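Undergrad: This is the structure, below, for whatever I ask next.
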Amino acid sequence: MEIIIDGKKCEAQYGEYVLNVARRNGIQIPALCHYDALPGQATCRLCIVEVEEGGRKKVVTSCVFPVTGEMQVFTNSEKIQRMRKNIIRLLSARAPNNEFIKKLRQEYGLLPETRFSGDDKENCILCGLCVRACDETGISAISTVNRGIEKKVSTPFDEASEACIGCGACAFVCPTGAIKMLDENGIRHLWNKDFELVRCEKCGEYFATREHIEYMKKKYGEDKCCSFCEKCRKRIAGEKMAASYRK
Amino acid sequence: MELQDFSHVRAILEHYPPERRFLLAILQDIQKHYNYIPRASLEMVRDYLDVPLSKLYSMATFYKALSLKPKGKHVIKVCDGTACHIKSSQVIIDEIKKVLNIVPGTTTGDGKFSLETVNCLGSCAVSPVMVIDDRFYGRVAPSMVRDILAEYGRLENERA
Ligand code: SF4
Ligand code: FES
Ligand code: FES
């Protein structure tokens, strides 16, 4: 099926999210809490667009709005611009010093804020993507804690979590770089816990924590994984393939 | 240190099938019995329902009715909803602060009273409203506070 985004005809599949269709067609919609493999947060609200279906217009979050039929999408109408500016101001009231949000402010020509003030050290916009990533790995070591203005993401009792395997998925997906993960001298520091890093058997680079590797072994089987880093694994697979062709 | 007897947690758990949908009910029961959710009990719930500890902690910190710190024997809830606020609930809260020497969200040193604020108890007509345990007080005036609290026993925290 075909939908029209900002005047451009775009091929789309039934059920596909508007944001994905737009991106594939080179139309950029700003988005923070969206990650292709983990859709469904819709918490940052940045990706709002106007959708016109059956003659009626409404504002929706494009990262979770599915294509179900003919529609026209406006990603940058005056209304959307105005609303998005406000959203950016609110996000930056939460995390005033965050680089990603500062850049957005700039892009949208926002003047320095006088109305809202926030915590200069805060980087988390509470989008929940990290919690989702951790849940998806099957670990669920972190969660949102408290509520209202005290809400935050943390481990139970803010302590080193027994469950956490230090895989770093949370830090990896975080759109604002709010999760502090530090690898130094073979140790990974994350969520108040220290993890021993293990070297790749081929190239010798540190590539994963001991706990993560144990977890993978349990999940996928001893022989299927866990001795090589991503790069080497690909290279080995490639070499095997090449060898099989040569035969 | 939690030198408590957690056999009652067992009893509460056994009261429910090990299904996630009973999670809140279980936590409420624990709260009711112990006046808070002891950490060890969270771990017992985790093992019983096979729910990650982080989710339990999230829930226990989300609901105001649940508390990870021991609550007082008597829980004072002062309504600070719109109607009560306009009717000077803040003055009531200040008065309680003065009498018991605690701020909202805390418990007196002797463990007798906890003070909380809530948002509208649905009785705006008799605002300002205050509830202690299950007893309801409407049209509370600051001058009544001391007497009301005294109904619950000697006010040990009271400054002379
Ligand atoms: S590093 Fe720990 S908290 Fe982060 S996603 Fe992995 S297991 Fe979860
Ligand atoms: S990307 Fe759609 S709401 Fe955050
Ligand atoms: S505002 Fe207090 S009862 Fe409604």
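The chains in the structure tokens are called A, B, ... from first to last as shown; in each chain the residues are counted from 1, and the ligands are counted from 1 in the order shown.
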May I ask you to write as a PyMOL selection string all residues lying at most 8 Å from ligand 3, with only C-alpha atoms and all ligand atoms counted?
TA: chain B and resi 79-85+118-129
Undergrad: At a cut-off of 8 Å, which residues of chain B touch chain A? Count only C-alpha atoms and give the answer as an MDAnalysis selection string.
TA: chainID B and resid 52:55 57:59 61:62
Undergrad: Could I get the residue neighbourhood of ligand 2 at 6 Å, counting only C-alpha atoms and all ligand atoms, as a PyMOL selection string?
TA: chain A and resi 31-34+42-47+61-63
Undergrad: What's the separation between CA of Glu136 (chain A) and CA of Ile149 (chain A), in Å to one decimal place?
TA: 26.5 Å
Undergrad: Pick the closest to ligand 1 from A:Val73, A:Ala208, A:Ile4, A:Met241: which is it, counting only C-alpha atoms and all ligand atoms?
TA: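 Residue with the minimum atom-to-atom distance to ligand 1: A:Ala208.
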Undergrad: Could you work out how far CA of Cys170 (chain A) lies from CA of Arg132 (chain A), giving the answer in Å with one decimal?
TA: 8.3 Å
Undergrad: Expressed in Å to a single decimal, how great is the separation between CA of Glu201 (chain A) and CA of Lys218 (chain A)?
TA: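 CA of Glu201 (chain A) sits 19.2 Å away from CA of Lys218 (chain A).
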Undergrad: I'd like to know which of A:Arg94, A:Lys79, A:Lys103, A:Lys217 is closest to Lys57 (chain A), using only C-alpha atoms.
TA: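 Among the listed residues, A:Lys79 lies closest to Lys57 (chain A).
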Undergrad: Quick one: residues within 9 Å of Gly166 (chain A), only C-alpha atoms, excluding same-chain residues fewer than 2 positions away - as a list in words?
TA: Cys164, Gly168, Ala169, Arg188, His189, Leu190, Trp191, Lys193, Asp194, Phe195, Ala208, Thr209, Arg210, Glu211 and His212 of chain A
Undergrad: Give me, as a JSON list (two decimals) with C-alpha atoms, in the first residue's frame, the residues of region 27-164 of chain A that a backbone DSSP run labels helix (DSSP H, G or I).
TA:
[["chain", "number", "residue", "atom", "x", "y", "z"],
["A", 78, "GLU", "CA", 3.36, 24.44, 11.77],
["A", 79, "LYS", "CA", 1.36, 22.76, 14.48],
["A", 80, "ILE", "CA", 3.84, 19.93, 14.82],
["A", 81, "GLN", "CA", 6.75, 22.33, 14.93],
["A", 82, "ARG", "CA", 5.10, 24.30, 17.68],
["A", 83, "MET", "CA", 4.23, 21.22, 19.69],
["A", 84, "ARG", "CA", 7.60, 19.63, 19.18],
["A", 85, "LYS", "CA", 9.34, 22.74, 20.39],
["A", 86, "ASN", "CA", 7.39, 22.50, 23.61],
["A", 87, "ILE", "CA", 8.26, 18.85, 23.97],
["A", 88, "ILE", "CA", 11.92, 19.65, 23.51],
["A", 89, "ARG", "CA", 11.67, 22.36, 26.13],
["A", 90, "LEU", "CA", 10.14, 19.92, 28.56],
["A", 91, "LEU", "CA", 12.73, 17.27, 27.83],
["A", 92, "SER", "CA", 15.43, 19.80, 28.36],
["A", 93, "ALA", "CA", 13.85, 20.93, 31.59],
["A", 94, "ARG", "CA", 14.43, 17.39, 32.70],
["A", 99, "GLU", "CA", 24.19, 16.89, 24.61],
["A", 100, "PHE", "CA", 21.50, 15.22, 22.53],
["A", 101, "ILE", "CA", 18.81, 17.47, 23.84],
["A", 102, "LYS", "CA", 20.95, 20.55, 23.58],
["A", 103, "LYS", "CA", 21.45, 19.71, 19.93],
["A", 104, "LEU", "CA", 17.71, 19.41, 19.45],
["A", 105, "ARG", "CA", 17.22, 22.80, 21.05],
["A", 106, "GLN", "CA", 19.66, 24.22, 18.58],
["A", 107, "GLU", "CA", 18.06, 22.53, 15.59],
["A", 129, "LEU", "CA", 14.07, 1.97, 26.69],
["A", 130, "CYS", "CA", 16.82, 0.58, 28.92],
["A", 131, "VAL", "CA", 14.34, -1.22, 31.16],
["A", 132, "ARG", "CA", 12.76, -2.66, 28.08],
["A", 133, "ALA", "CA", 16.11, -3.82, 26.72],
["A", 134, "CYS", "CA", 16.97, -5.51, 29.99],
["A", 135, "ASP", "CA", 13.56, -7.18, 30.14],
["A", 136, "GLU", "CA", 14.03, -8.37, 26.60],
["A", 137, "THR", "CA", 17.32, -10.07, 27.43],
["A", 148, "GLY", "CA", 6.21, 11.43, 39.96],
["A", 149, "ILE", "CA", 9.13, 13.79, 40.26],
["A", 150, "GLU", "CA", 11.12, 11.16, 42.10],
["A", 156, "PRO", "CA", 16.52, -2.74, 43.55],
["A", 157, "PHE", "CA", 17.59, -0.70, 46.57],
["A", 158, "ASP", "CA", 20.11, 1.12, 44.34]]
